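Source file: input.cif. Holds: mmCIF, C-alpha atoms.
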```
data_protein
loop_
_atom_site.label_atom_id
_atom_site.label_comp_id
_atom_site.auth_asym_id
_atom_site.auth_seq_id
_atom_site.Cartn_x
_atom_site.Cartn_y
_atom_site.Cartn_z
CA MET Q 1280 0.00 0.00 0.00
CA ALA Q 1281 1.21 3.48 -0.85
CA ALA Q 1282 2.41 5.50 2.09
CA ASN Q 1283 -0.09 8.27 1.49
CA LEU Q 1284 -3.15 6.04 1.95
CA ARG Q 1285 -4.79 5.22 5.24
CA SER Q 1286 -4.05 1.77 6.55
CA ASP Q 1287 -7.77 1.10 7.11
CA HIS Q 1288 -8.57 1.36 3.36
CA ASN Q 1289 -10.94 4.27 4.00
CA GLY Q 1290 -9.55 6.29 1.09
CA PRO Q 1291 -6.99 9.03 0.71
CA ASP Q 1292 -5.79 10.52 3.96
CA PRO Q 1293 -7.03 14.12 4.12
CA GLY Q 1294 -3.86 15.10 5.95
CA VAL Q 1295 -1.32 14.38 3.21
CA PRO Q 1296 -0.98 15.14 -0.52
CA LEU Q 1297 -2.11 12.48 -2.98
CA GLY Q 1298 0.80 11.09 -5.00
CA ALA Q 1299 0.92 9.68 -8.50
CA GLN Q 1300 0.96 5.99 -7.53
CA PRO Q 1301 -2.69 5.68 -6.42
CA VAL Q 1302 -3.84 7.59 -9.51
CA ALA Q 1303 -1.84 5.33 -11.83
CA ALA Q 1304 -3.14 2.21 -10.07
CA SER Q 1305 -6.73 3.43 -10.27
CA ALA Q 1306 -6.43 4.33 -13.95
CA ALA Q 1307 -4.93 0.92 -14.66
CA ARG Q 1308 -7.82 -0.81 -12.88
CA LEU Q 1309 -10.39 1.12 -14.93
CA ARG Q 1310 -8.44 0.62 -18.16
CA GLY Q 1311 -8.47 -3.10 -17.42
CA THR Q 1312 -12.25 -3.17 -17.80
CA GLY Q 1313 -11.81 -2.58 -21.53
CA HIS Q 1314 -13.80 0.65 -21.41
CA ALA Q 1315 -12.37 3.92 -22.72
CA PRO Q 1316 -14.96 6.70 -22.25
CA ARG Q 1317 -14.32 10.29 -23.25
CA ILE Q 1318 -17.14 11.58 -21.04
CA ALA Q 1319 -17.53 11.09 -17.28
CA VAL Q 1320 -20.31 12.26 -15.00
CA VAL Q 1321 -20.14 12.85 -11.24
CA LEU Q 1322 -23.59 12.00 -9.87
CA GLY Q 1323 -24.80 14.36 -7.16
CA SER Q 1324 -27.86 13.85 -4.95
CA GLY Q 1325 -30.86 12.98 -7.10
CA TRP Q 1326 -28.83 12.09 -10.19
CA ALA Q 1327 -28.21 8.39 -9.47
CA GLY Q 1328 -31.04 7.46 -11.83
CA LEU Q 1329 -28.74 8.15 -14.77
CA SER Q 1330 -27.38 4.64 -14.17
CA ALA Q 1331 -30.68 3.24 -15.47
CA HIS Q 1332 -29.88 4.78 -18.87
CA VAL Q 1333 -26.58 2.91 -19.13
CA ASP Q 1334 -26.47 -0.24 -21.27
CA GLY Q 1335 -24.10 -3.06 -20.45
CA GLY Q 1336 -23.15 -1.45 -17.17
CA VAL Q 1337 -20.12 -2.71 -15.27
CA GLU Q 1338 -19.56 -1.52 -11.71
CA VAL Q 1339 -16.19 -0.92 -10.07
CA PRO Q 1340 -16.39 -0.10 -6.34
CA TYR Q 1341 -14.38 2.87 -5.13
CA ALA Q 1342 -12.78 0.42 -2.68
CA GLU Q 1343 -10.90 -1.09 -5.65
CA LEU Q 1344 -9.60 2.32 -6.73
CA PRO Q 1345 -6.95 3.58 -4.29
CA ALA Q 1346 -7.14 7.22 -5.45
CA PHE Q 1347 -10.90 7.41 -4.91
CA PRO Q 1348 -12.65 8.69 -1.75
CA ARG Q 1349 -15.10 6.91 0.54
CA PRO Q 1350 -18.20 9.15 0.74
CA THR Q 1351 -20.04 9.29 4.06
CA VAL Q 1352 -23.20 11.14 2.99
CA GLY Q 1353 -26.62 9.53 2.58
CA GLY Q 1354 -27.60 9.18 -1.07
CA HIS Q 1355 -23.98 8.89 -2.27
CA ALA Q 1356 -22.92 5.42 -3.35
CA ALA Q 1357 -19.26 4.61 -3.92
CA ARG Q 1358 -18.84 3.01 -7.33
CA VAL Q 1359 -17.95 3.76 -10.92
CA VAL Q 1360 -20.55 2.61 -13.45
CA LEU Q 1361 -19.17 1.93 -16.94
CA GLY Q 1362 -21.26 1.34 -20.04
CA ARG Q 1363 -22.96 3.07 -22.95
CA ILE Q 1364 -25.66 5.69 -23.33
CA GLY Q 1365 -27.02 5.73 -26.85
CA GLY Q 1366 -24.10 3.62 -27.98
CA HIS Q 1367 -21.49 5.99 -26.61
CA GLU Q 1368 -19.21 5.08 -23.73
CA VAL Q 1369 -19.57 6.91 -20.44
CA ALA Q 1370 -18.26 6.61 -16.89
CA LEU Q 1371 -20.53 7.53 -14.00
CA LEU Q 1372 -19.01 8.36 -10.61
CA ALA Q 1373 -21.72 7.50 -8.09
CA GLY Q 1374 -20.61 9.34 -4.99
CA ARG Q 1375 -18.36 12.26 -4.13
CA GLN Q 1376 -16.50 13.49 -1.07
CA HIS Q 1377 -17.38 16.97 0.18
CA THR Q 1378 -15.15 19.46 1.92
CA TYR Q 1379 -17.24 19.16 5.08
CA GLU Q 1380 -16.14 15.49 5.28
CA GLY Q 1381 -12.73 16.25 6.74
CA GLY Q 1382 -12.33 19.96 6.11
CA ARG Q 1383 -10.22 19.87 2.94
CA ALA Q 1384 -11.16 20.82 -0.60
CA ASP Q 1385 -9.17 18.08 -2.36
CA GLY Q 1386 -11.28 15.01 -1.57
CA MET Q 1387 -12.07 14.37 -5.25
CA ASN Q 1388 -8.59 15.14 -6.58
CA GLY Q 1389 -7.54 11.51 -6.96
CA ALA Q 1390 -10.75 10.49 -8.72
CA ILE Q 1391 -10.62 13.37 -11.20
CA ARG Q 1392 -6.90 12.95 -11.91
CA THR Q 1393 -7.60 9.26 -12.50
CA LEU Q 1394 -10.20 10.18 -15.12
CA ALA Q 1395 -7.69 12.42 -16.90
CA ALA Q 1396 -5.00 9.70 -16.80
CA TRP Q 1397 -7.52 7.21 -18.18
CA GLY Q 1398 -8.22 9.43 -21.20
CA VAL Q 1399 -11.48 11.13 -20.26
CA GLN Q 1400 -11.82 14.52 -21.98
CA ALA Q 1401 -15.01 16.06 -20.54
CA LEU Q 1402 -16.43 15.97 -17.02
CA VAL Q 1403 -20.09 16.64 -16.27
CA LEU Q 1404 -20.58 17.70 -12.66
CA THR Q 1405 -24.08 17.42 -11.18
CA ASN Q 1406 -25.42 18.50 -7.82
CA ALA Q 1407 -28.50 19.29 -5.77
CA ALA Q 1408 -28.79 22.98 -4.95
CA GLY Q 1409 -30.92 25.58 -3.27
CA SER Q 1410 -32.48 28.28 -5.44
CA LEU Q 1411 -31.99 31.99 -4.80
CA ASP Q 1412 -34.33 32.92 -7.65
CA PRO Q 1413 -38.13 32.77 -7.16
CA ALA Q 1414 -38.43 32.11 -10.91
CA MET Q 1415 -36.41 28.88 -10.45
CA PRO Q 1416 -38.50 26.71 -8.07
CA PRO Q 1417 -37.76 23.18 -6.80
CA GLY Q 1418 -37.64 20.73 -9.67
CA SER Q 1419 -35.87 23.20 -11.97
CA LEU Q 1420 -32.58 22.44 -13.69
CA MET Q 1421 -29.83 25.04 -13.91
CA LEU Q 1422 -26.85 25.09 -16.25
CA ILE Q 1423 -23.91 26.51 -14.32
CA THR Q 1424 -22.34 29.45 -16.17
CA ASP Q 1425 -19.87 30.48 -13.44
CA HIS Q 1426 -19.30 30.04 -9.73
CA LEU Q 1427 -18.51 31.85 -6.50
CA ASN Q 1428 -15.86 30.15 -4.38
CA LEU Q 1429 -17.13 31.67 -1.14
CA PRO Q 1430 -14.63 30.06 1.28
CA GLN Q 1431 -11.76 30.68 -1.18
CA ARG Q 1432 -10.43 27.18 -0.59
CA SER Q 1433 -8.59 25.32 -3.33
CA PRO Q 1434 -7.92 21.66 -4.14
CA LEU Q 1435 -4.57 22.78 -5.57
CA TRP Q 1436 -3.06 23.66 -2.20
CA ASP Q 1437 -0.27 21.06 -2.53
CA GLU Q 1438 0.80 21.90 -6.07
CA ARG Q 1439 4.32 23.32 -6.28
CA ASP Q 1440 4.73 24.57 -9.85
CA ASP Q 1441 3.23 27.47 -11.78
CA ARG Q 1442 0.53 25.26 -13.31
CA ARG Q 1443 -1.43 25.79 -10.09
CA PHE Q 1444 -2.34 29.30 -11.32
CA VAL Q 1445 -5.25 27.99 -13.38
CA ASP Q 1446 -7.26 30.38 -15.57
CA MET Q 1447 -10.90 30.05 -14.47
CA THR Q 1448 -12.36 32.51 -16.99
CA ASP Q 1449 -14.26 29.78 -18.86
CA ALA Q 1450 -14.30 27.18 -16.10
CA TYR Q 1451 -17.63 25.87 -17.42
CA ASP Q 1452 -16.89 25.18 -21.08
CA PRO Q 1453 -18.83 27.56 -23.39
CA ALA Q 1454 -19.07 25.04 -26.24
CA LEU Q 1455 -20.42 22.32 -23.95
CA ARG Q 1456 -22.90 24.79 -22.45
CA ALA Q 1457 -24.10 25.74 -25.93
CA ARG Q 1458 -24.60 22.06 -26.74
CA ALA Q 1459 -26.55 21.56 -23.50
CA LEU Q 1460 -28.84 24.47 -24.34
CA ALA Q 1461 -29.43 23.12 -27.84
CA VAL Q 1462 -30.34 19.67 -26.50
CA SER Q 1463 -32.70 21.13 -23.91
CA ALA Q 1464 -34.40 23.27 -26.57
CA ARG Q 1465 -34.98 20.22 -28.78
CA GLN Q 1466 -36.52 18.42 -25.80
CA GLY Q 1467 -38.67 21.37 -24.83
CA LEU Q 1468 -36.93 21.42 -21.47
CA GLY Q 1469 -36.75 24.70 -19.59
CA LEU Q 1470 -33.08 24.82 -18.66
CA HIS Q 1471 -32.18 27.80 -16.49
CA GLN Q 1472 -28.71 29.34 -16.46
CA GLY Q 1473 -26.93 30.93 -13.54
CA VAL Q 1474 -24.06 31.33 -11.11
CA TYR Q 1475 -23.52 28.62 -8.49
CA ALA Q 1476 -22.25 29.67 -5.07
CA TRP Q 1477 -20.21 27.13 -3.12
CA ALA Q 1478 -20.63 27.02 0.65
CA VAL Q 1479 -18.67 24.47 2.67
CA GLY Q 1480 -21.56 23.35 4.93
CA PRO Q 1481 -22.67 20.95 6.26
CA GLN Q 1482 -25.09 23.42 7.87
CA PHE Q 1483 -27.48 25.21 5.54
CA GLU Q 1484 -27.06 28.94 4.96
CA THR Q 1485 -28.81 31.60 7.04
CA PRO Q 1486 -31.33 34.01 5.51
CA ALA Q 1487 -28.75 36.81 5.90
CA GLU Q 1488 -26.18 34.77 3.99
CA ILE Q 1489 -28.71 34.13 1.23
CA ARG Q 1490 -29.43 37.86 0.97
CA MET Q 1491 -25.68 38.42 0.62
CA LEU Q 1492 -25.37 35.77 -2.10
CA ARG Q 1493 -28.19 37.32 -4.08
CA LEU Q 1494 -26.40 40.66 -3.95
CA LEU Q 1495 -23.25 38.93 -5.20
CA GLY Q 1496 -25.12 37.61 -8.22
CA ALA Q 1497 -25.69 33.95 -7.37
CA GLN Q 1498 -28.77 32.04 -8.54
CA ALA Q 1499 -28.10 28.76 -6.69
CA VAL Q 1500 -26.10 27.58 -3.70
CA GLY Q 1501 -24.69 24.19 -2.74
CA MET Q 1502 -21.89 22.32 -0.99
CA SER Q 1503 -19.94 20.71 -3.84
CA THR Q 1504 -18.81 21.03 -7.47
CA VAL Q 1505 -16.48 24.05 -7.24
CA PRO Q 1506 -13.40 22.16 -5.93
CA GLU Q 1507 -14.00 19.48 -8.58
CA THR Q 1508 -14.21 22.11 -11.31
CA ILE Q 1509 -10.90 23.64 -10.21
CA VAL Q 1510 -8.98 20.37 -10.16
CA ALA Q 1511 -10.59 19.24 -13.43
CA ARG Q 1512 -9.42 22.39 -15.17
CA HIS Q 1513 -5.96 21.90 -13.69
CA ALA Q 1514 -5.98 18.34 -15.07
CA GLY Q 1515 -6.98 19.56 -18.54
CA LEU Q 1516 -10.58 18.33 -18.50
CA ARG Q 1517 -13.43 20.35 -19.97
CA VAL Q 1518 -16.27 20.90 -17.50
CA LEU Q 1519 -20.04 21.15 -17.71
CA GLY Q 1520 -22.07 21.79 -14.55
CA LEU Q 1521 -25.75 21.07 -13.85
CA SER Q 1522 -27.72 21.83 -10.68
CA MET Q 1523 -31.01 20.22 -9.73
CA VAL Q 1524 -32.99 22.64 -7.57
CA THR Q 1525 -34.33 20.81 -4.52
CA ASN Q 1526 -35.43 23.73 -2.34
CA MET Q 1527 -35.72 27.46 -2.07
CA ALA Q 1528 -32.83 28.82 -0.04
CA ALA Q 1529 -33.23 29.97 3.58
CA GLY Q 1530 -35.59 32.87 4.01
CA LEU Q 1531 -37.23 32.43 0.59
CA SER Q 1532 -39.88 29.95 1.75
CA ALA Q 1533 -41.48 28.77 4.98
CA GLU Q 1534 -40.20 25.21 4.53
CA ALA Q 1535 -37.62 23.95 7.05
CA LEU Q 1536 -34.38 22.81 5.41
CA SER Q 1537 -32.88 19.35 5.99
CA HIS Q 1538 -30.84 16.76 4.12
CA ALA Q 1539 -33.84 14.42 4.17
CA GLN Q 1540 -35.92 17.10 2.46
CA THR Q 1541 -33.18 17.59 -0.13
CA LEU Q 1542 -33.20 13.87 -0.93
CA ARG Q 1543 -37.01 13.77 -1.17
CA GLN Q 1544 -37.13 16.69 -3.57
CA ALA Q 1545 -34.23 15.29 -5.57
CA GLN Q 1546 -36.02 11.98 -5.93
CA ALA Q 1547 -39.15 13.75 -7.18
CA ALA Q 1548 -37.19 15.54 -9.91
CA SER Q 1549 -34.80 12.70 -10.66
CA GLU Q 1550 -36.54 10.99 -13.59
CA ARG Q 1551 -36.88 14.15 -15.64
CA ALA Q 1552 -33.38 15.38 -14.81
CA CYS Q 1553 -31.69 12.08 -15.60
CA ALA Q 1554 -33.57 11.71 -18.90
CA ALA Q 1555 -32.34 15.17 -19.90
CA LEU Q 1556 -28.78 14.35 -18.88
CA ALA Q 1557 -28.86 11.04 -20.76
CA ALA Q 1558 -29.92 12.90 -23.91
CA LEU Q 1559 -27.07 15.35 -23.42
CA VAL Q 1560 -24.46 12.62 -22.93
CA GLN Q 1561 -25.76 10.84 -26.03
CA ASP Q 1562 -25.54 14.07 -28.02
CA LEU Q 1563 -21.99 14.82 -26.86
CA GLY Q 1564 -20.86 11.35 -27.84
CA GLY Q 1565 -22.66 11.33 -31.16
CA ASP Q 1566 -20.37 13.36 -33.42
CA GLY Q 1567 -17.52 14.02 -31.07
CA LEU Q 1568 -17.15 16.64 -28.40
CA PRO Q 1569 -17.59 20.13 -29.80
CA ALA Q 1570 -14.36 22.03 -30.27
CA PRO Q 1571 -13.56 24.51 -27.48
CA THR Q 1572 -14.59 28.07 -28.24
#
```
Taking this structure as input, can you express it in the form of structure tokens?
Amino acid sequence: MAANLRSDHNGPDPGVPLGAQPVAASAARLRGTGHAPRIAVVLGSGWAGLSAHVDGGVEVPYAELPAFPRPTVGGHAARVVLGRIGGHEVALLAGRQHTYEGGRADGMNGAIRTLAAWGVQALVLTNAAGSLDPAMPPGSLMLITDHLNLPQRSPLWDERDDRRFVDMTDAYDPALRARALAVSARQGLGLHQGVYAWAVGPQFETPAEIRMLRLLGAQAVGMSTVPETIVARHAGLRVLGLSMVTNMAAGLSAEALSHAQTLRQAQAASERACAALAALVQDLGGDGLPAPT
């Protein structure tokens, strides 16, 4: 076992940098399945139903991938699902590690660097989020156009060369966003667009914090995705982000917020959201990924 892994097999130790050996071993394990997807999807809360759209699915538990985390949150499995959507290969990451699970922003570094080493080109990041916009109620889908890194934490803290100064101007790939909008228009799906604000959690935001975020220009808020976007861009992956709105943010409705409520709302919206995402993945794989703009 590599020195930078916990001896209890519970995943990368949040107290030390992740080296190249676990990433190489994880990529080799996935390559050994015979699959070679160009597109990978991280499944947030409510998005697990995308697995039902995968043909010929093969599952690889995170426990067999030394660079992968061990999620501790309800609704997050810990496996990679490999197969085809519409005849095009895809890898689904069912389960992510959040910053509030240990206090560091690099919990998904190993998994994302494994995808890059394996040959994946585009990463679709999904999440469940609270809405700050009354015109975007629970059940809505939002295409992420940009983000606010509220805690200003980075998954690149242990990088030592100048590549760590990643340009985040087009963090969410414009060409992939344009393709997502075109697919949603063909389906007659009302796909919102907006800025996603990242809060560490695990507590929900206060009404005062939500008022602040609205002033800053955010349309949705959640506890994931931003660290993954940063490390994906550092690894050379193109990123597309999608939020499933599960609740109105604090102070915008009378409903009490809880993780159980988030999961219930996510389940209610899951079928429609996953069908839309399956159509998008099929489209992206159909004639090749669109060239970056």
Write out as a list in words the residues lying within 10 Å of Q:Ser1549, counting all atoms listed in the file and excluding same-chain residues fewer than 2 positions away.
->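 The filter keeps Ser1324, Gly1325, Trp1326, Ala1327, Gly1328, Leu1329, Gly1418, Met1523, Leu1542, Arg1543, Gln1544, Ala1545, Gln1546, Ala1547, Arg1551, Ala1552, Cys1553, Ala1554 and Ala1555 of chain Q.
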For stretch 1440-1455 of chain Q, list every protein, DNA or RNA residue within 8 Å, evaluated using only C-alpha atoms, and leave out those in the same chain fewer than 3 positions away; present the list as a VMD selection string.
-> chain Q and resid 1423 to 1425 1435 1458 to 1459 1508 to 1509 1512 to 1513 1517 to 1520 1568 to 1572
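If you measure from each of Q:Val1369, Q:Gly1386, Q:Arg1310, Q:Ile1364 to Q:Arg1349 using only C-alpha atoms, the closest one turns out to be Q:Gly1386.
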Point (-6.8, 12.2, -4.2), cut-off 7 Å, counting all atoms listed in the file, residues as a PyMOL selection string | chain Q and resi 1291+1297+1346-1347+1385-1390
Taking the file as shown, what set of residues would the PyMOL selection byres ((chain Q and resi 1401) around 8) give back, as number ranges by chain?
-> Q: 1317-1319, 1399-1400, 1402-1403, 1516-1519
Residues near Q:Ala1499, cut-off 6 Å, only C-alpha atoms, skip fewer than 3 positions along chain, as a PyMOL selection string | chain Q and resi 1409-1411+1475
Record the distance separating atom CA of Q:Leu1422 and atom CA of Q:Val1474, expressed in Å with one decimal.
->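 Taking atom CA of Q:Leu1422 and atom CA of Q:Val1474, their separation equals 8.6 Å.
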Counting all atoms listed in the file, the residue of Q:Arg1490, Q:Arg1392, Q:Arg1465, Q:His1471 that sits nearest Q:Ala1514 | Q:Arg1392
Tell me which residues the PyMOL selection byres ((chain Q and resi 1415-1417) around 7) grabs here, as a ChimeraX atom specification.
-> /Q:1410,1412-1414,1418-1419,1524-1527
Using all atoms listed in the file, pick whichever of Q:Arg1456, Q:Arg1383, Q:Arg1375, Q:Arg1493 has the shortest atom-to-atom distance to Q:Ala1529.
->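 The closest residue to Q:Ala1529 is Q:Arg1493.
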Compare Q:Leu1427, Q:Ile1489, Q:Gly1480, Q:Ala1464 by their minimum atom-to-atom distance to Q:Ser1532, counting all atoms listed in the file, and give me the closest one.
->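 Distance minimum relative to Q:Ser1532 lands on Q:Ile1489.
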Given the file shown, determine the residues that the PyMOL selection byres ((chain Q and resi 1307) around 12) selects; report them as a count of residues only.
-> 24
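Relative to atom CA of Q:Pro1481, atom CA of Q:Gly1496 is found at 22.2 Å.
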How far is it from atom CA of Q:Leu1372 to atom CA of Q:Ala1511, in Å with one decimal?
->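 Pair atom CA of Q:Leu1372 / atom CA of Q:Ala1511 returns 14.0 Å.
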Quick one: stretch 1464-1486 of chain Q with N, CA and C atoms, as a compact mmCIF listing (two decimals), in the coordinates of the input?
```
# COMPACT_ATOMS: atom_id res chain seq x y z
N ALA Q 1464 -33.41 22.62 -25.71
CA ALA Q 1464 -34.40 23.27 -26.57
C ALA Q 1464 -35.11 22.24 -27.43
N ARG Q 1465 -34.36 21.27 -27.96
CA ARG Q 1465 -34.98 20.22 -28.78
C ARG Q 1465 -35.96 19.39 -27.97
N GLN Q 1466 -35.66 19.21 -26.68
CA GLN Q 1466 -36.52 18.42 -25.80
C GLN Q 1466 -37.67 19.23 -25.22
N GLY Q 1467 -37.66 20.53 -25.44
CA GLY Q 1467 -38.67 21.37 -24.83
C GLY Q 1467 -38.48 21.50 -23.33
N LEU Q 1468 -37.26 21.36 -22.89
CA LEU Q 1468 -36.93 21.42 -21.47
C LEU Q 1468 -36.51 22.83 -21.09
N GLY Q 1469 -37.13 23.37 -20.06
CA GLY Q 1469 -36.75 24.70 -19.59
C GLY Q 1469 -35.50 24.64 -18.75
N LEU Q 1470 -34.36 24.88 -19.36
CA LEU Q 1470 -33.08 24.82 -18.66
C LEU Q 1470 -32.66 26.23 -18.27
N HIS Q 1471 -32.62 26.50 -16.97
CA HIS Q 1471 -32.18 27.80 -16.49
C HIS Q 1471 -30.66 27.90 -16.61
N GLN Q 1472 -30.14 29.11 -16.50
CA GLN Q 1472 -28.71 29.34 -16.46
C GLN Q 1472 -28.40 30.26 -15.28
N GLY Q 1473 -27.26 30.04 -14.63
CA GLY Q 1473 -26.93 30.93 -13.54
C GLY Q 1473 -25.61 30.62 -12.87
N VAL Q 1474 -25.30 31.44 -11.89
CA VAL Q 1474 -24.06 31.33 -11.11
C VAL Q 1474 -24.33 30.49 -9.88
N TYR Q 1475 -23.43 29.54 -9.63
CA TYR Q 1475 -23.52 28.62 -8.49
C TYR Q 1475 -22.56 29.09 -7.40
N ALA Q 1476 -23.07 29.28 -6.20
CA ALA Q 1476 -22.25 29.67 -5.07
C ALA Q 1476 -21.92 28.44 -4.23
N TRP Q 1477 -20.64 28.26 -3.94
CA TRP Q 1477 -20.21 27.13 -3.12
C TRP Q 1477 -20.05 27.56 -1.67
N ALA Q 1478 -20.79 26.87 -0.79
CA ALA Q 1478 -20.63 27.02 0.65
C ALA Q 1478 -20.15 25.68 1.20
N VAL Q 1479 -19.25 25.71 2.17
CA VAL Q 1479 -18.67 24.47 2.67
C VAL Q 1479 -19.71 23.59 3.35
N GLY Q 1480 -20.63 24.17 4.16
CA GLY Q 1480 -21.56 23.35 4.93
C GLY Q 1480 -20.86 22.68 6.10
N PRO Q 1481 -21.44 21.62 6.69
CA PRO Q 1481 -22.67 20.95 6.26
C PRO Q 1481 -23.96 21.67 6.67
N GLN Q 1482 -23.88 22.68 7.52
CA GLN Q 1482 -25.09 23.42 7.87
C GLN Q 1482 -25.60 24.19 6.66
N PHE Q 1483 -26.91 24.38 6.60
CA PHE Q 1483 -27.48 25.21 5.54
C PHE Q 1483 -27.19 26.68 5.85
N GLU Q 1484 -27.35 27.52 4.83
CA GLU Q 1484 -27.06 28.94 4.96
C GLU Q 1484 -28.15 29.64 5.77
N THR Q 1485 -27.82 30.78 6.33
CA THR Q 1485 -28.81 31.60 7.04
C THR Q 1485 -29.50 32.52 6.04
N PRO Q 1486 -30.67 33.05 6.40
CA PRO Q 1486 -31.33 34.01 5.51
C PRO Q 1486 -30.44 35.21 5.19
```
